[in-house]
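The next block holds one structure in the form of structure tokens; read it before the comments.
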Amino acid sequence: MAAQGAVSCVAEPVVSSDWKKGLPVLTTGNVTLREMRISDAPALLAMLTTDEVARFISPPPTTVAGFEPFIVWANAERQAGRYACFAVVPRGMDSAIGIFQVRQLEPGFASAEWGFAIGSAFWGTGVFKAGAQLVLGFAFAELGVHRLEARAAVRNGRGNGALRKVGAVCEGVLRRSFLRNGEYLDQHLWSILDSDWHTQRTPSVTIN
């Protein structure tokens, strides 16, 4: 990785990395975010294809062989500078239990969209909030995002609550904007601006 050593930060983390060549490893508290690996495919399949996780997200691959091309695609999109996808690894583990992803909505990442999926066994453990703070720091400090959007099905109470807890603002409802299992669902549109993030205190981050 281009970034070496440890960096402690509070209000405005400075991530020193050439992320297009390889995502930095971000660590805080009980979670590490790192580049996805082909070897993560079995763990991600087990974590993200359960009914409670998959019901409100775009359908994930249904086999290990299906996850592997997704990981290859994600790395290729990162190299092209359009997308970043982090594997979520709790402290004391090596296997990924979820992902955070950020994709540009316009060239240069001035506007971007983020999404996440965490294995249900790790809901309520603090892994999401810690990982989300790392991703927000990466998006605003490294990618230079001005406006970061997220969409969550109105019925997805847990997902909407999680976005609210990390400071996202609900701007409205996108009517019948998400097709899942043959049904169009309404979604909430959430946003976080760089000015919002700069006023929030972020946790200490170690970058390797």
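Here, A, B, ... name the chains of the structure tokens in the order displayed, residue numbers run from 1 inside each chain, and ligands are numbered from 1 in the same displayed order.
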
Practice problem: List the neighbours of Ala153 (chain A) out to 8 Å using only C-alpha atoms; skip same-chain residues closer than 4 positions along the sequence, and give me the result as number ranges by chain. | Solution: A: 56, 160, 178, 185-188

Would you write out those residues with C-alpha atoms, as a CSV table (one decimal), in the first residue's frame?
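Here's the written file part-v6.csv:
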chain,number,residue,atom,x,y,z
A,56,PHE,CA,-33.6,-4.8,0.8
A,160,ASN,CA,-32.7,4.0,7.6
A,178,PHE,CA,-36.3,0.0,-6.4
A,185,LEU,CA,-40.5,-0.3,-3.5
A,186,ASP,CA,-40.3,3.3,-2.3
A,187,GLN,CA,-36.9,4.5,-1.1
A,188,HIS,CA,-35.7,7.2,1.2

Exercise. Extract, using only C-alpha atoms, all DNA, RNA and protein residues at most 9 Å from region 121-138 of chain A, discarding same-chain residues fewer than 3 positions from it, and format them as a PyMOL selection string.
Key: chain A and resi 12-15+26-33+47+86+88-90+97+100-102+114+116-118+141-144+148+162+165-166+197+202-203+205

Next, the residues of the selection above should be written as an mmCIF file, in the first residue's frame with N, CA and C atoms.
data_model
loop_
_atom_site.group_PDB
_atom_site.id
_atom_site.type_symbol
_atom_site.label_atom_id
_atom_site.label_comp_id
_atom_site.auth_asym_id
_atom_site.auth_seq_id
_atom_site.Cartn_x
_atom_site.Cartn_y
_atom_site.Cartn_z
ATOM 1 N N GLU A 12 -10.708 15.835 10.819
ATOM 2 C CA GLU A 12 -10.519 15.784 9.373
ATOM 3 C C GLU A 12 -9.371 14.862 9.020
ATOM 4 N N PRO A 13 -9.616 13.543 8.942
ATOM 5 C CA PRO A 13 -8.533 12.630 8.649
ATOM 6 C C PRO A 13 -7.897 12.892 7.293
ATOM 7 N N VAL A 14 -6.601 12.766 7.235
ATOM 8 C CA VAL A 14 -5.885 12.902 5.976
ATOM 9 C C VAL A 14 -5.403 11.520 5.574
ATOM 10 N N VAL A 15 -5.971 10.982 4.528
ATOM 11 C CA VAL A 15 -5.618 9.655 4.044
ATOM 12 C C VAL A 15 -4.601 9.821 2.930
ATOM 13 N N LEU A 26 -7.948 0.642 6.517
ATOM 14 C CA LEU A 26 -8.435 1.602 7.510
ATOM 15 C C LEU A 26 -8.863 0.838 8.752
ATOM 16 N N THR A 27 -8.371 1.256 9.908
ATOM 17 C CA THR A 27 -8.654 0.536 11.143
ATOM 18 C C THR A 27 -9.042 1.503 12.248
ATOM 19 N N THR A 28 -10.072 1.151 12.987
ATOM 20 C CA THR A 28 -10.442 1.901 14.183
ATOM 21 C C THR A 28 -11.220 0.993 15.104
ATOM 22 N N GLY A 29 -10.917 1.056 16.390
ATOM 23 C CA GLY A 29 -11.691 0.303 17.370
ATOM 24 C C GLY A 29 -11.791 -1.170 17.048
ATOM 25 N N ASN A 30 -13.009 -1.603 16.707
ATOM 26 C CA ASN A 30 -13.273 -3.031 16.548
ATOM 27 C C ASN A 30 -13.404 -3.477 15.111
ATOM 28 N N VAL A 31 -12.943 -2.670 14.154
ATOM 29 C CA VAL A 31 -13.151 -3.046 12.757
ATOM 30 C C VAL A 31 -12.011 -2.563 11.875
ATOM 31 N N THR A 32 -11.742 -3.342 10.825
ATOM 32 C CA THR A 32 -10.788 -2.965 9.777
ATOM 33 C C THR A 32 -11.505 -3.028 8.438
ATOM 34 N N LEU A 33 -11.251 -2.033 7.600
ATOM 35 C CA LEU A 33 -11.719 -2.041 6.221
ATOM 36 C C LEU A 33 -10.514 -2.218 5.314
ATOM 37 N N MET A 47 -22.558 -14.490 4.420
ATOM 38 C CA MET A 47 -23.051 -13.356 5.198
ATOM 39 C C MET A 47 -24.138 -12.554 4.485
ATOM 40 N N PHE A 86 -14.890 -1.708 0.062
ATOM 41 C CA PHE A 86 -14.108 -2.212 1.186
ATOM 42 C C PHE A 86 -14.766 -3.450 1.778
ATOM 43 N N VAL A 88 -15.356 -5.596 5.148
ATOM 44 C CA VAL A 88 -15.462 -5.286 6.574
ATOM 45 C C VAL A 88 -14.970 -6.494 7.370
ATOM 46 N N VAL A 89 -13.946 -6.274 8.202
ATOM 47 C CA VAL A 89 -13.353 -7.368 8.978
ATOM 48 C C VAL A 89 -13.319 -6.968 10.446
ATOM 49 N N PRO A 90 -14.110 -7.617 11.302
ATOM 50 C CA PRO A 90 -14.081 -7.294 12.731
ATOM 51 C C PRO A 90 -12.738 -7.646 13.356
ATOM 52 N N ILE A 97 -17.127 -9.837 6.724
ATOM 53 C CA ILE A 97 -18.509 -10.081 7.149
ATOM 54 C C ILE A 97 -19.471 -9.091 6.488
ATOM 55 N N PHE A 100 -18.640 -2.137 2.370
ATOM 56 C CA PHE A 100 -19.027 -0.754 2.135
ATOM 57 C C PHE A 100 -18.564 -0.400 0.728
ATOM 58 N N GLN A 101 -19.413 0.272 -0.034
ATOM 59 C CA GLN A 101 -19.021 0.661 -1.380
ATOM 60 C C GLN A 101 -19.363 2.124 -1.631
ATOM 61 N N VAL A 102 -18.520 2.772 -2.428
ATOM 62 C CA VAL A 102 -18.721 4.173 -2.836
ATOM 63 C C VAL A 102 -18.512 4.239 -4.336
ATOM 64 N N TRP A 114 -23.118 5.915 -1.669
ATOM 65 C CA TRP A 114 -22.526 4.827 -0.904
ATOM 66 C C TRP A 114 -23.601 3.830 -0.495
ATOM 67 N N PHE A 116 -24.037 -0.271 1.766
ATOM 68 C CA PHE A 116 -23.399 -1.185 2.704
ATOM 69 C C PHE A 116 -24.273 -2.402 2.904
ATOM 70 N N ALA A 117 -23.644 -3.492 3.297
ATOM 71 C CA ALA A 117 -24.347 -4.713 3.683
ATOM 72 C C ALA A 117 -23.475 -5.421 4.708
ATOM 73 N N ILE A 118 -24.074 -5.731 5.853
ATOM 74 C CA ILE A 118 -23.357 -6.352 6.962
ATOM 75 C C ILE A 118 -24.093 -7.628 7.351
ATOM 76 N N ALA A 141 -12.267 12.991 2.692
ATOM 77 C CA ALA A 141 -10.879 13.444 2.763
ATOM 78 C C ALA A 141 -10.039 12.969 1.590
ATOM 79 N N GLU A 142 -10.298 11.750 1.121
ATOM 80 C CA GLU A 142 -9.459 11.189 0.055
ATOM 81 C C GLU A 142 -10.077 11.359 -1.333
ATOM 82 N N LEU A 143 -11.355 11.032 -1.450
ATOM 83 C CA LEU A 143 -11.998 11.125 -2.761
ATOM 84 C C LEU A 143 -12.427 12.549 -3.096
ATOM 85 N N GLY A 144 -12.533 13.410 -2.092
ATOM 86 C CA GLY A 144 -12.954 14.784 -2.337
ATOM 87 C C GLY A 144 -14.434 14.931 -2.611
ATOM 88 N N LEU A 148 -22.616 13.144 -0.652
ATOM 89 C CA LEU A 148 -22.652 11.689 -0.613
ATOM 90 C C LEU A 148 -24.095 11.251 -0.363
ATOM 91 N N ALA A 162 -29.757 3.304 10.660
ATOM 92 C CA ALA A 162 -28.295 3.346 10.639
ATOM 93 C C ALA A 162 -27.795 4.608 9.952
ATOM 94 N N LYS A 165 -28.166 7.591 12.226
ATOM 95 C CA LYS A 165 -27.205 7.605 13.324
ATOM 96 C C LYS A 165 -25.846 8.151 12.918
ATOM 97 N N VAL A 166 -25.481 8.029 11.643
ATOM 98 C CA VAL A 166 -24.174 8.544 11.215
ATOM 99 C C VAL A 166 -24.281 9.952 10.635
ATOM 100 N N TRP A 197 -19.905 16.651 7.417
ATOM 101 C CA TRP A 197 -18.897 15.735 7.955
ATOM 102 C C TRP A 197 -17.798 16.479 8.703
ATOM 103 N N THR A 202 -14.695 12.529 14.305
ATOM 104 C CA THR A 202 -14.508 11.168 13.821
ATOM 105 C C THR A 202 -13.515 10.439 14.727
ATOM 106 N N PRO A 203 -13.563 9.117 14.751
ATOM 107 C CA PRO A 203 -12.661 8.355 15.643
ATOM 108 C C PRO A 203 -11.242 8.337 15.119
ATOM 109 N N VAL A 205 -8.021 6.889 13.495
ATOM 110 C CA VAL A 205 -7.932 5.966 12.373
ATOM 111 C C VAL A 205 -6.482 5.553 12.199
#

Neighbouring residues of Ile71 (chain A) were defined as those with any atom within 12 Å, considering only C-alpha atoms; residues of the same chain fewer than 3 positions away were excluded. Please report them as a short mmCIF file (atom, residue, chain, number, x, y, z; two decimals) with N, CA and C atoms, in the first residue's frame.
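Saved result, around-v4.cif, follows:
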data_model
loop_
_atom_site.label_atom_id
_atom_site.label_comp_id
_atom_site.auth_asym_id
_atom_site.auth_seq_id
_atom_site.Cartn_x
_atom_site.Cartn_y
_atom_site.Cartn_z
N GLU A 35 -9.21 -3.85 1.08
CA GLU A 35 -9.60 -4.29 -0.24
C GLU A 35 -10.22 -5.70 -0.18
N MET A 36 -11.23 -5.93 -0.99
CA MET A 36 -11.76 -7.29 -1.10
C MET A 36 -10.74 -8.21 -1.77
N ARG A 37 -10.77 -9.48 -1.37
CA ARG A 37 -9.91 -10.50 -1.96
C ARG A 37 -10.79 -11.61 -2.51
N ILE A 38 -10.25 -12.33 -3.49
CA ILE A 38 -10.98 -13.47 -4.02
C ILE A 38 -11.31 -14.46 -2.91
N SER A 39 -10.41 -14.57 -1.94
CA SER A 39 -10.64 -15.51 -0.84
C SER A 39 -11.79 -15.09 0.06
N ASP A 40 -12.30 -13.85 -0.09
CA ASP A 40 -13.45 -13.40 0.69
C ASP A 40 -14.77 -13.95 0.16
N ALA A 41 -14.76 -14.52 -1.05
CA ALA A 41 -16.01 -14.92 -1.69
C ALA A 41 -16.86 -15.87 -0.83
N PRO A 42 -16.30 -16.93 -0.26
CA PRO A 42 -17.15 -17.83 0.55
C PRO A 42 -17.78 -17.14 1.75
N LEU A 44 -18.38 -13.87 2.19
CA LEU A 44 -19.38 -12.90 1.75
C LEU A 44 -20.65 -13.59 1.29
N LEU A 45 -20.51 -14.71 0.62
CA LEU A 45 -21.69 -15.48 0.22
C LEU A 45 -22.51 -15.87 1.45
N PRO A 60 -27.53 -10.20 -4.34
CA PRO A 60 -26.11 -10.56 -4.40
C PRO A 60 -25.93 -11.84 -5.19
N PRO A 61 -24.70 -12.15 -5.62
CA PRO A 61 -24.45 -13.43 -6.27
C PRO A 61 -24.88 -14.58 -5.35
N VAL A 64 -20.32 -19.00 -4.73
CA VAL A 64 -18.94 -18.51 -4.60
C VAL A 64 -18.40 -18.11 -5.97
N ALA A 65 -18.69 -18.91 -6.97
CA ALA A 65 -18.23 -18.61 -8.33
C ALA A 65 -18.83 -17.30 -8.84
N GLY A 66 -20.00 -16.93 -8.32
CA GLY A 66 -20.61 -15.67 -8.71
C GLY A 66 -20.00 -14.48 -8.01
N PHE A 67 -19.56 -14.67 -6.76
CA PHE A 67 -18.94 -13.57 -6.03
C PHE A 67 -17.56 -13.23 -6.58
N GLU A 68 -16.85 -14.21 -7.07
CA GLU A 68 -15.48 -13.97 -7.54
C GLU A 68 -15.43 -12.96 -8.68
N ALA A 74 -14.97 -5.19 -9.10
CA ALA A 74 -14.79 -4.08 -8.17
C ALA A 74 -13.36 -3.55 -8.20
N ASN A 75 -12.39 -4.44 -8.26
CA ASN A 75 -11.00 -4.01 -8.31
C ASN A 75 -10.70 -3.29 -9.62
N ALA A 76 -11.29 -3.75 -10.73
CA ALA A 76 -11.09 -3.08 -12.02
C ALA A 76 -11.70 -1.69 -12.01
N GLU A 77 -12.89 -1.54 -11.41
CA GLU A 77 -13.53 -0.23 -11.33
C GLU A 77 -12.74 0.72 -10.43
N ARG A 78 -12.14 0.17 -9.36
CA ARG A 78 -11.28 0.98 -8.51
C ARG A 78 -10.05 1.47 -9.30
N TYR A 83 -14.91 3.70 -8.49
CA TYR A 83 -15.61 2.91 -7.49
C TYR A 83 -14.62 2.40 -6.46
N ALA A 84 -15.07 2.32 -5.22
CA ALA A 84 -14.26 1.74 -4.15
C ALA A 84 -15.14 0.83 -3.32
N CYS A 85 -14.68 -0.38 -3.06
CA CYS A 85 -15.45 -1.33 -2.26
C CYS A 85 -14.54 -1.93 -1.20
N PHE A 86 -14.89 -1.71 0.06
CA PHE A 86 -14.11 -2.21 1.19
C PHE A 86 -14.77 -3.45 1.78
N ALA A 87 -13.96 -4.45 2.10
CA ALA A 87 -14.42 -5.56 2.92
C ALA A 87 -14.37 -5.15 4.38
N ILE A 99 -19.62 -5.46 3.36
CA ILE A 99 -18.93 -4.52 2.48
C ILE A 99 -19.48 -3.12 2.66
N GLN A 101 -19.41 0.27 -0.03
CA GLN A 101 -19.02 0.66 -1.38
C GLN A 101 -19.36 2.12 -1.63
#

Exercise. Find, counting only C-alpha atoms, the residue in A:Arg155, A:Ser120, A:Gln200, A:Trp190 that gets nearest to Thr50 (chain A).
Key: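 Ranking A:Arg155, A:Ser120, A:Gln200, A:Trp190 by distance to Thr50 (chain A), first place goes to A:Ser120.
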
Exercise. For CA of Glu171 (chain A) and CA of Ser58 (chain A), quote the distance in Å rounded to one decimal.
Key: 21.7 Å

Exercise. Any chance you could list, as a ChimeraX atom specification, the residues in region 135-203 of chain A that come up strand (DSSP E) when DSSP is run on the backbone?
Key: /A:147-153,169-180,183-193

Quiz item: Quick one: DSSP helix (DSSP H, G or I) residues in region 110-162 of chain A, as number ranges by chain?
Solution: A: 120-122, 127-142, 157-162

Quiz prompt | Long-range neighbours of Glu106 (chain A) as number ranges by chain, 12 Å cut-off, only C-alpha atoms, 5 positions minimum in chain | solution = A: 81-83, 111-113, 145-148

For the residues selected in the previous step, produce a file with C-alpha atoms as a compact mmCIF listing (two decimals), in the first residue's frame.
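And here's out05.txt as it stands now:
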# COMPACT_ATOMS: atom_id res chain seq x y z
CA GLY A 81 -11.13 5.56 -10.51
CA ARG A 82 -14.90 5.10 -10.51
CA TYR A 83 -15.61 2.91 -7.49
CA SER A 111 -21.26 13.65 -6.07
CA ALA A 112 -21.18 10.02 -5.03
CA GLU A 113 -23.38 7.27 -3.66
CA VAL A 145 -16.68 14.08 -2.24
CA HIS A 146 -18.93 17.13 -1.83
CA ARG A 147 -22.27 15.32 -1.64
CA LEU A 148 -22.65 11.69 -0.61

Exercise. Calculate how many Å separate CA of Gly172 (chain A) from CA of Gln104 (chain A), rounding to one decimal.
Key: 21.0 Å

Quiz item: So what do you get for CA of Gly119 (chain A) versus CA of Gly98 (chain A), distance-wise?
Solution: 5.8 Å
